$ cat upload-v1.cif   # mmCIF, C-alpha atoms and all ligand atoms
data_structure
loop_
_atom_site.label_atom_id
_atom_site.label_comp_id
_atom_site.auth_asym_id
_atom_site.auth_seq_id
_atom_site.Cartn_x
_atom_site.Cartn_y
_atom_site.Cartn_z
CA MET A 1 26.79 3.52 -9.34
CA LYS A 2 24.47 0.70 -10.37
CA PRO A 3 24.63 -2.49 -8.33
CA ILE A 4 26.17 -5.32 -10.32
CA THR A 5 23.37 -7.82 -9.71
CA PRO A 6 19.92 -6.84 -8.47
CA HIS A 7 19.01 -8.92 -5.47
CA CYS A 8 15.62 -9.71 -4.07
CA PRO A 9 14.57 -7.63 -1.03
CA VAL A 10 12.58 -10.58 0.35
CA CYS A 11 14.81 -13.68 0.05
CA HIS A 12 18.04 -11.87 -0.96
CA GLN A 13 18.80 -14.25 -3.77
CA SER A 14 20.16 -12.87 -7.02
CA SER A 15 18.54 -15.33 -9.43
CA VAL A 16 16.23 -12.79 -11.01
CA GLY A 17 14.82 -12.01 -14.43
CA THR A 18 13.56 -8.72 -15.83
CA TRP A 19 9.77 -8.47 -15.36
CA ASN A 20 9.35 -5.32 -17.38
CA GLN A 21 10.40 -1.71 -17.71
CA ALA A 22 8.08 1.18 -16.96
CA LYS A 23 7.84 4.93 -16.60
CA ASP A 24 5.64 7.09 -14.43
CA TYR A 25 2.53 6.78 -16.64
CA GLU A 26 0.28 8.03 -13.82
CA TYR A 27 1.73 11.36 -12.62
CA TYR A 28 4.56 11.90 -15.16
CA SER A 29 6.80 13.04 -12.31
CA THR A 30 9.99 11.97 -14.16
CA ASP A 31 11.00 10.88 -17.68
CA GLU A 32 13.15 8.05 -16.43
CA THR A 33 12.67 4.40 -17.27
CA TYR A 34 12.66 2.02 -14.30
CA THR A 35 13.33 -1.71 -14.34
CA TYR A 36 11.30 -4.23 -12.39
CA TYR A 37 12.75 -7.67 -11.70
CA HIS A 38 11.09 -10.95 -10.79
CA CYS A 39 12.73 -13.21 -8.19
CA THR A 40 12.58 -16.81 -9.37
CA GLY A 41 13.08 -18.04 -5.82
CA CYS A 42 10.25 -16.32 -3.98
CA ASP A 43 8.08 -14.71 -6.68
CA THR A 44 8.63 -11.09 -5.55
CA ILE A 45 8.65 -8.30 -8.14
CA PHE A 46 10.93 -5.41 -7.23
CA ILE A 47 12.39 -2.22 -8.66
CA ASP A 48 16.15 -1.89 -8.94
CA PRO A 49 17.84 0.48 -8.30
CA VAL A 50 15.40 1.80 -5.69
CA PRO A 51 14.80 5.52 -6.47
CA VAL A 52 15.12 6.46 -2.80
CA GLU A 53 16.89 9.74 -3.65
CA GLN A 54 13.93 10.89 -5.77
CA LEU A 55 11.19 10.87 -3.12
CA ARG A 56 10.34 14.57 -3.42
CA LYS A 57 10.12 14.30 -7.17
CA ILE A 58 8.12 11.05 -7.46
CA TYR A 59 5.50 12.13 -4.91
CA PRO A 60 4.37 15.38 -6.57
CA ALA A 61 2.16 17.95 -4.82
CA ASN A 62 -0.97 16.61 -6.60
CA TYR A 63 -0.32 13.03 -5.37
CA TYR A 64 -3.69 11.57 -4.41
CA SER A 65 -3.02 10.94 -0.75
CA PHE A 66 -2.05 14.63 -0.33
CA VAL A 67 -5.26 15.85 -1.91
CA ASN A 68 -8.23 15.88 0.42
CA GLY A 69 -11.52 14.87 -1.13
CA LYS A 70 -13.50 15.20 2.08
CA GLY A 71 -17.23 15.48 2.15
CA ASN A 72 -18.38 14.09 -1.21
CA LEU A 73 -20.72 11.12 -1.50
CA VAL A 74 -18.09 8.61 -2.64
CA THR A 75 -15.85 9.54 0.31
CA ARG A 76 -18.77 9.16 2.71
CA ILE A 77 -19.72 5.72 1.35
CA LYS A 78 -16.10 4.62 1.55
CA GLU A 79 -15.86 5.89 5.12
CA TRP A 80 -19.00 4.00 6.05
CA LEU A 81 -17.63 0.76 4.54
CA ASP A 82 -14.26 1.28 6.22
CA ARG A 83 -15.95 1.88 9.56
CA ARG A 84 -17.98 -1.33 9.24
CA PHE A 85 -14.92 -3.31 8.27
CA LEU A 86 -12.68 -1.86 10.98
CA LYS A 87 -15.35 -2.39 13.60
CA LYS A 88 -15.27 -6.09 12.72
CA ILE A 89 -11.48 -6.20 13.09
CA LEU A 90 -11.69 -4.43 16.46
CA THR A 91 -14.12 -6.99 17.88
CA GLY A 92 -11.21 -9.45 17.74
CA ILE A 93 -9.30 -7.33 20.27
CA THR A 94 -10.40 -7.88 23.87
CA ALA A 95 -8.38 -5.13 25.62
CA GLU A 96 -10.32 -2.44 27.51
CA LYS A 97 -8.12 0.31 26.12
CA ILE A 98 -6.73 0.06 22.63
CA ASN A 99 -3.60 1.68 21.19
CA VAL A 100 -3.49 1.98 17.42
CA LEU A 101 -0.53 2.80 15.17
CA ASP A 102 -1.01 3.75 11.52
CA VAL A 103 2.25 3.42 9.61
CA GLY A 104 2.23 5.78 6.64
CA GLY A 105 -1.10 7.09 7.94
CA GLY A 106 -0.62 10.70 6.77
CA THR A 107 -3.13 13.01 8.44
CA GLY A 108 -4.54 10.09 10.44
CA TRP A 109 -7.90 10.02 8.65
CA ILE A 110 -8.25 6.25 9.12
CA LEU A 111 -7.61 6.72 12.83
CA ASP A 112 -10.42 9.31 12.83
CA VAL A 113 -12.71 6.66 11.35
CA LEU A 114 -11.54 4.06 13.87
CA LYS A 115 -12.11 6.33 16.85
CA LYS A 116 -15.70 6.83 15.74
CA ALA A 117 -16.09 3.05 15.38
CA ASP A 118 -14.88 2.03 18.86
CA SER A 119 -14.82 4.07 22.06
CA ARG A 120 -12.13 1.81 23.58
CA ILE A 121 -9.51 3.44 21.37
CA SER A 122 -7.53 5.55 23.79
CA PHE A 123 -4.26 6.27 21.99
CA THR A 124 -3.63 6.83 18.31
CA GLN A 125 -0.24 7.27 16.67
CA VAL A 126 0.84 8.05 13.13
CA ALA A 127 4.36 7.31 11.84
CA ASP A 128 4.86 8.91 8.43
CA ILE A 129 7.67 10.59 6.52
CA ASP A 130 5.29 13.37 5.37
CA GLU A 131 6.05 16.59 7.24
CA GLN A 132 2.97 18.35 5.84
CA ALA A 133 0.53 15.95 7.50
CA GLN A 134 1.75 16.44 11.07
CA ALA A 135 -0.25 19.57 11.96
CA ILE A 136 -3.59 18.09 10.82
CA ALA A 137 -2.90 14.75 12.52
CA GLU A 138 -2.06 16.47 15.81
CA LYS A 139 -5.04 18.78 15.58
CA ASN A 140 -7.23 15.67 15.32
CA GLY A 141 -5.69 14.24 18.47
CA HIS A 142 -3.16 11.79 17.07
CA ALA A 143 0.45 11.53 18.20
CA TYR A 144 2.72 11.98 15.18
CA PHE A 145 6.21 10.73 14.45
CA GLN A 146 7.77 12.22 11.34
CA GLY A 147 10.09 9.58 9.93
CA THR A 148 10.13 5.91 9.02
CA VAL A 149 8.71 3.31 11.40
CA GLU A 150 12.20 1.81 11.73
CA GLN A 151 13.33 5.16 13.23
CA PHE A 152 10.33 5.35 15.57
CA GLU A 153 11.23 4.70 19.23
CA THR A 154 8.58 4.39 21.93
CA ASP A 155 7.76 2.46 25.11
CA LYS A 156 4.16 2.14 23.92
CA ARG A 157 2.95 -1.15 22.48
CA PHE A 158 0.03 -1.36 20.07
CA HIS A 159 -3.02 -3.61 19.88
CA LEU A 160 -3.54 -2.76 16.23
CA ILE A 161 -0.97 -1.70 13.65
CA LEU A 162 -2.22 -0.59 10.24
CA MET A 163 -0.04 -0.75 7.16
CA LEU A 164 -2.52 -0.17 4.38
CA ASN A 165 -0.84 0.24 1.01
CA LEU A 166 2.45 0.93 2.71
CA ILE A 167 4.77 -2.08 2.54
CA GLU A 168 5.10 -1.85 -1.26
CA HIS A 169 6.42 1.73 -0.92
CA VAL A 170 9.32 1.10 1.49
CA GLN A 171 12.95 0.34 0.78
CA PHE A 172 13.40 -2.37 3.42
CA PRO A 173 10.08 -4.23 3.80
CA LEU A 174 11.55 -6.93 6.05
CA ASP A 175 12.88 -4.31 8.51
CA VAL A 176 9.47 -2.62 8.55
CA LEU A 177 7.71 -5.90 9.38
CA LYS A 178 10.26 -6.75 12.08
CA LYS A 179 9.77 -3.33 13.65
CA ALA A 180 5.98 -3.70 13.55
CA ALA A 181 6.32 -7.11 15.25
CA GLN A 182 8.38 -5.48 17.97
CA LEU A 183 5.83 -2.68 18.52
CA LEU A 184 2.94 -5.13 18.82
CA GLU A 185 1.20 -5.79 22.12
CA PRO A 186 0.99 -9.58 22.77
CA GLY A 187 -2.13 -10.77 20.96
CA GLY A 188 -2.17 -7.62 18.83
CA ILE A 189 -2.96 -7.53 15.14
CA ILE A 190 -1.11 -6.12 12.13
CA LEU A 191 -3.28 -5.37 9.10
CA ILE A 192 -1.65 -5.12 5.70
CA LYS A 193 -3.08 -4.26 2.32
CA THR A 194 -0.75 -4.53 -0.66
CA PRO A 195 -0.87 -5.30 -4.41
CA ASN A 196 -0.84 -8.91 -5.62
CA THR A 197 1.27 -9.84 -8.65
CA ASP A 198 -0.46 -13.20 -9.04
CA SER A 199 -3.56 -11.71 -10.66
CA TRP A 200 -5.25 -11.44 -14.06
CA ASP A 201 -4.55 -7.78 -14.56
CA ALA A 202 -0.86 -8.13 -13.58
CA ARG A 203 -0.48 -10.79 -16.29
CA LEU A 204 -2.69 -9.02 -18.83
CA PHE A 205 -0.93 -5.64 -18.57
CA ARG A 206 2.59 -6.89 -17.89
CA LYS A 207 3.86 -6.04 -21.38
CA SER A 208 2.21 -2.62 -21.55
CA TYR A 209 1.89 -1.17 -18.03
CA TRP A 210 0.32 -2.69 -14.95
CA GLY A 211 -1.14 -0.12 -12.52
CA GLY A 212 -0.06 -2.24 -9.54
CA LEU A 213 3.50 -1.05 -10.17
CA HIS A 214 2.42 2.53 -9.49
CA CYS A 215 5.78 3.21 -11.12
CA PRO A 216 8.17 4.37 -9.67
CA ARG A 217 6.46 4.47 -6.24
CA HIS A 218 5.90 0.76 -5.60
CA TRP A 219 9.25 -0.88 -4.92
CA THR A 220 8.39 -4.40 -3.71
CA ILE A 221 5.29 -6.18 -4.93
CA PHE A 222 4.23 -9.46 -3.41
CA SER A 223 2.19 -12.51 -4.25
CA GLU A 224 0.74 -14.81 -1.62
CA LYS A 225 3.86 -16.98 -1.96
CA SER A 226 6.37 -14.17 -1.42
CA PHE A 227 4.33 -12.57 1.35
CA ARG A 228 4.27 -15.84 3.30
CA ILE A 229 8.08 -15.98 3.05
CA ILE A 230 8.65 -12.42 4.29
CA ALA A 231 6.10 -12.75 7.11
CA ALA A 232 7.85 -15.88 8.43
CA ALA A 233 11.23 -14.13 8.19
CA ALA A 234 9.84 -11.27 10.33
CA GLY A 235 8.54 -13.68 12.99
CA LEU A 236 4.91 -13.05 12.08
CA ARG A 237 2.10 -15.54 11.68
CA ILE A 238 -0.59 -15.07 9.04
CA GLU A 239 -4.01 -15.39 10.69
CA LYS A 240 -5.93 -14.61 7.57
CA LEU A 241 -5.00 -13.85 3.97
CA GLU A 242 -7.63 -12.81 1.48
CA TYR A 243 -7.92 -11.08 -1.85
CA THR A 244 -9.62 -7.75 -2.18
CA GLN A 245 -10.58 -5.59 -5.11
CA GLY A 246 -7.87 -3.95 -7.16
CA ALA A 247 -10.10 -1.61 -9.16
CA PRO A 248 -7.65 1.34 -9.19
CA PHE A 249 -4.97 -0.88 -10.75
CA TRP A 250 -7.31 -1.83 -13.58
CA ALA A 251 -8.12 1.85 -14.09
CA PHE A 252 -4.45 2.93 -14.05
CA SER A 253 -3.56 0.14 -16.50
CA ILE A 254 -6.38 0.90 -18.93
CA ILE A 255 -6.06 4.69 -18.89
CA ALA A 256 -2.26 4.46 -19.27
CA ALA A 257 -2.77 2.14 -22.27
CA LEU A 258 -5.33 4.51 -23.87
CA THR A 259 -2.95 7.44 -23.33
CA ARG A 260 -0.07 5.59 -24.97
CA LYS A 261 -2.29 4.76 -27.95
CA LYS A 262 -3.08 8.52 -28.07
CA ILE A 263 -6.81 7.86 -27.70
CA ILE A 264 -6.98 10.09 -24.64
CA ARG A 265 -4.56 12.55 -23.11
CA THR A 266 -3.05 12.56 -19.64
CA ASP A 267 0.10 14.42 -18.57
CA ALA A 268 1.83 15.95 -15.53
CA ASN A 269 -0.90 18.58 -15.22
CA HIS A 270 -3.67 16.06 -15.85
CA PRO A 271 -2.62 12.86 -14.05
CA VAL A 272 -4.49 9.62 -14.66
CA ILE A 273 -6.24 9.73 -11.30
CA PHE A 274 -7.96 13.02 -12.19
CA HIS A 275 -9.07 11.89 -15.65
CA TRP A 276 -12.87 11.66 -15.92
CA LEU A 277 -12.60 8.00 -16.99
CA PHE A 278 -10.92 7.03 -13.73
CA ALA A 279 -14.09 6.91 -11.61
CA PRO A 280 -16.33 4.94 -14.05
CA VAL A 281 -13.56 2.48 -15.00
CA SER A 282 -12.76 1.95 -11.29
CA ALA A 283 -16.45 1.45 -10.48
CA PHE A 284 -16.83 -1.13 -13.27
CA PHE A 285 -13.83 -3.16 -12.14
CA ALA A 286 -14.77 -2.85 -8.47
CA LEU A 287 -17.99 -4.61 -9.43
CA LEU A 288 -16.19 -7.21 -11.55
CA ASP A 289 -13.70 -7.93 -8.74
CA PHE A 290 -16.55 -8.11 -6.24
CA ILE A 291 -18.26 -10.79 -8.34
CA ARG A 292 -15.18 -12.89 -9.03
CA ARG A 293 -13.53 -12.49 -5.61
CA PRO A 294 -14.96 -15.75 -4.18
CA PHE A 295 -13.18 -17.84 -6.83
CA ALA A 296 -10.38 -15.69 -8.29
CA LYS A 297 -7.23 -13.95 -7.10
CA THR A 298 -7.81 -10.22 -7.44
CA SER A 299 -4.93 -7.76 -7.47
CA GLN A 300 -4.76 -6.75 -3.82
CA LEU A 301 -3.87 -8.84 -0.79
CA PHE A 302 -5.41 -8.21 2.57
CA ILE A 303 -3.49 -9.86 5.39
CA ARG A 304 -4.01 -10.12 9.11
CA LEU A 305 -0.91 -10.99 11.12
CA THR A 306 0.08 -11.70 14.72
CA ARG A 307 3.41 -12.34 16.36
CA GLU A 308 4.59 -15.96 16.37
ZN ZN B 1 13.19 -13.55 -3.62
#
$ encode --input "upload-v1.cif" --output "structure tokens"
Amino acid sequence: MKPITPHCPVCHQSSVGTWNQAKDYEYYSTDETYTYYHCTGCDTIFIDPVPVEQLRKIYPANYYSFVNGKGNLVTRIKEWLDRRFLKKILTGITAEKINVLDVGGGTGWILDVLKKADSRISFTQVADIDEQAQAIAEKNGHAYFQGTVEQFETDKRFHLILMLNLIEHVQFPLDVLKKAAQLLEPGGIILIKTPNTDSWDARLFRKSYWGGLHCPRHWTIFSEKSFRIIAAAAGLRIEKLEYTQGAPFWAFSIIAALTRKKIIRTDANHPVIFHWLFAPVSAFFALLDFIRRPFAKTSQLFIRLTRE
């Protein structure tokens, strides 16, 4: 049964307006139409009802994070950039031995990169609902918990907790943040990357389809304003909040629009992410976002948090 009034997962108020309706224009995993609401109180955009019963359907076998693109040049450049970036983050941690948790980390490939970047990393843990990823993660030396982070029980505490493109996918984002706060070693860092609704492309593509919705897989989408509210509610302090490039969202938005105008074709067997236009369009907007990042709000937030 449908809830009578959708209520905001961040501030729990029910004064909301419809933001738009969307379908899965990226993977075509279902034919359903989903409604996204905007909370007038805290600026969060959220899906309602949350399609939590459809997980197996809405994450099809060709979903990008299940498909390994190891070894090609783009992957290697990305790995090199990630390693440089993560190395910088790790210099802020003074502990001699570092425990790292990657929430929603899949096979633990980011932990692989981290281990190469800093020899102080002595324990690595993945918490992920994906049962397929466990064997690979364990083979690469990571402890693996199959389930949500809220279900994860351990005596270990972590110096670094990664939640990269995770918080927008979960049903109870506040519970996830509270749990992460609890698992944090004093002085530890939580790193979050998540879409930003307060951006050009979100406004530009709102009426057609904005890729940041990743419909129906993104359930709660923040702006700086709404993220500050949820972080405070979880007892977390924002050390640094910056904007980072949202090139894939531009590409999803544009390719979905071209498909709907019947200029190109994408379907369940040929999802947007595998269309040949995806790479060049992403590259173009990565460059655009790189240029305008110093003075504009791009469509992803990058946030560094500690416990209050
Ligand atoms: Zn709200």
$ atom_distance --input "upload-v1.cif" --atom1 "atom CA of A:Glu168" --atom2 "atom CA of A:Gly212"
9.8 Å
$ residues_around --input "upload-v1.cif" --residues "A:Leu111" --least-positions-apart "5" --cutoff "8 Å" --atoms "all atoms listed in the file" --output "PyMOL selection string"
chain A and resi 100+102+124+142
$ closest_residue --input "upload-v1.cif" --among "A:Gly105, A:Lys23, A:Asp118, A:Phe252" --to "A:Glu131" --atoms "only C-alpha atoms"
A:Gly105
$ residues_around --input "upload-v1.cif" --residues "A:Glu224" --least-positions-apart "6" --cutoff "12 Å" --atoms "all atoms listed in the file" --output "ChimeraX atom specification"
/A:42-44,193-199,230-231,238,240-243,297-303
$ write_last_selection --input "upload-v1.cif" --atoms "C-alpha atoms" --output "PDB file, keeping the file's coordinate frame"
ATOM      1  CA  CYS A  42      10.250 -16.320  -3.980  1.00  0.00           C
ATOM      2  CA  ASP A  43       8.080 -14.710  -6.680  1.00  0.00           C
ATOM      3  CA  THR A  44       8.630 -11.090  -5.550  1.00  0.00           C
ATOM      4  CA  LYS A 193      -3.080  -4.260   2.320  1.00  0.00           C
ATOM      5  CA  THR A 194      -0.750  -4.530  -0.660  1.00  0.00           C
ATOM      6  CA  PRO A 195      -0.870  -5.300  -4.410  1.00  0.00           C
ATOM      7  CA  ASN A 196      -0.840  -8.910  -5.620  1.00  0.00           C
ATOM      8  CA  THR A 197       1.270  -9.840  -8.650  1.00  0.00           C
ATOM      9  CA  ASP A 198      -0.460 -13.200  -9.040  1.00  0.00           C
ATOM     10  CA  SER A 199      -3.560 -11.710 -10.660  1.00  0.00           C
ATOM     11  CA  ILE A 230       8.650 -12.420   4.290  1.00  0.00           C
ATOM     12  CA  ALA A 231       6.100 -12.750   7.110  1.00  0.00           C
ATOM     13  CA  ILE A 238      -0.590 -15.070   9.040  1.00  0.00           C
ATOM     14  CA  LYS A 240      -5.930 -14.610   7.570  1.00  0.00           C
ATOM     15  CA  LEU A 241      -5.000 -13.850   3.970  1.00  0.00           C
ATOM     16  CA  GLU A 242      -7.630 -12.810   1.480  1.00  0.00           C
ATOM     17  CA  TYR A 243      -7.920 -11.080  -1.850  1.00  0.00           C
ATOM     18  CA  LYS A 297      -7.230 -13.950  -7.100  1.00  0.00           C
ATOM     19  CA  THR A 298      -7.810 -10.220  -7.440  1.00  0.00           C
ATOM     20  CA  SER A 299      -4.930  -7.760  -7.470  1.00  0.00           C
ATOM     21  CA  GLN A 300      -4.760  -6.750  -3.820  1.00  0.00           C
ATOM     22  CA  LEU A 301      -3.870  -8.840  -0.790  1.00  0.00           C
ATOM     23  CA  PHE A 302      -5.410  -8.210   2.570  1.00  0.00           C
ATOM     24  CA  ILE A 303      -3.490  -9.860   5.390  1.00  0.00           C
TER      25      ILE A 303
END
$ residues_near_point --input "upload-v1.cif" --point "(16.3, 0.2, -8.0)" --cutoff "9 Å" --atoms "only C-alpha atoms" --output "count of residues only"
14
$ closest_atom_pairs --input "upload-v1.cif" --of "chain A" --to "ligand ZN 1 (chain B)" --cutoff "8 Å" --atoms "all atoms listed in the file" --output "tab-separated table"
residue	atom	partner	partner_atom	distance
A:His7	CA	B:ZN1	ZN	7.7
A:Cys8	CA	B:ZN1	ZN	4.6
A:Pro9	CA	B:ZN1	ZN	6.6
A:Val10	CA	B:ZN1	ZN	5.0
A:Cys11	CA	B:ZN1	ZN	4.0
A:His12	CA	B:ZN1	ZN	5.8
A:Gln13	CA	B:ZN1	ZN	5.7
A:Ser14	CA	B:ZN1	ZN	7.8
A:His38	CA	B:ZN1	ZN	7.9
A:Cys39	CA	B:ZN1	ZN	4.6
A:Thr40	CA	B:ZN1	ZN	6.6
A:Gly41	CA	B:ZN1	ZN	5.0
A:Cys42	CA	B:ZN1	ZN	4.1
A:Asp43	CA	B:ZN1	ZN	6.1
A:Thr44	CA	B:ZN1	ZN	5.5
A:Ser226	CA	B:ZN1	ZN	7.2
$ closest_residue --input "upload-v1.cif" --among "A:Asn165, A:Gln54, A:Gln182, A:Ser253" --to "A:Ala234" --atoms "all atoms listed in the file"
A:Gln182
$ closest_residue --input "upload-v1.cif" --among "A:Arg83, A:Lys179, A:Arg237, A:Lys115" --to "A:Arg304" --atoms "all atoms listed in the file"
A:Arg237
$ atom_distance --input "upload-v1.cif" --atom1 "atom CA of A:Tyr37" --atom2 "atom CA of A:Thr266"
26.9 Å
$ build_atoms --input "upload-v1.cif" --residues "stretch 123-134 of chain A" --atoms "N, CA and C atoms" --output "short mmCIF file (atom, residue, chain, number, x, y, z; two decimals), keeping the file's coordinate frame"
data_model
loop_
_atom_site.label_atom_id
_atom_site.label_comp_id
_atom_site.auth_asym_id
_atom_site.auth_seq_id
_atom_site.Cartn_x
_atom_site.Cartn_y
_atom_site.Cartn_z
N PHE A 123 -5.48 5.63 22.47
CA PHE A 123 -4.26 6.27 21.99
C PHE A 123 -4.05 5.97 20.51
N THR A 124 -3.84 7.01 19.75
CA THR A 124 -3.63 6.83 18.31
C THR A 124 -2.34 7.51 17.89
N GLN A 125 -1.58 6.80 17.07
CA GLN A 125 -0.24 7.27 16.67
C GLN A 125 -0.08 7.11 15.17
N VAL A 126 0.47 8.15 14.54
CA VAL A 126 0.84 8.05 13.13
C VAL A 126 2.37 8.04 13.04
N ALA A 127 2.94 7.20 12.20
CA ALA A 127 4.36 7.31 11.84
C ALA A 127 4.39 7.49 10.33
N ASP A 128 4.91 8.61 9.87
CA ASP A 128 4.86 8.91 8.43
C ASP A 128 6.01 9.86 8.09
N ILE A 129 6.57 9.71 6.91
CA ILE A 129 7.67 10.59 6.52
C ILE A 129 7.17 11.97 6.08
N ASP A 130 5.87 12.11 5.88
CA ASP A 130 5.29 13.37 5.37
C ASP A 130 5.26 14.45 6.45
N GLU A 131 6.02 15.53 6.23
CA GLU A 131 6.05 16.59 7.24
C GLU A 131 4.81 17.48 7.18
N GLN A 132 4.16 17.49 6.01
CA GLN A 132 2.97 18.35 5.84
C GLN A 132 1.77 17.86 6.66
N ALA A 133 1.72 16.54 6.88
CA ALA A 133 0.53 15.95 7.50
C ALA A 133 0.49 16.12 9.02
N GLN A 134 1.63 16.43 9.61
CA GLN A 134 1.75 16.44 11.07
C GLN A 134 0.73 17.36 11.76
#
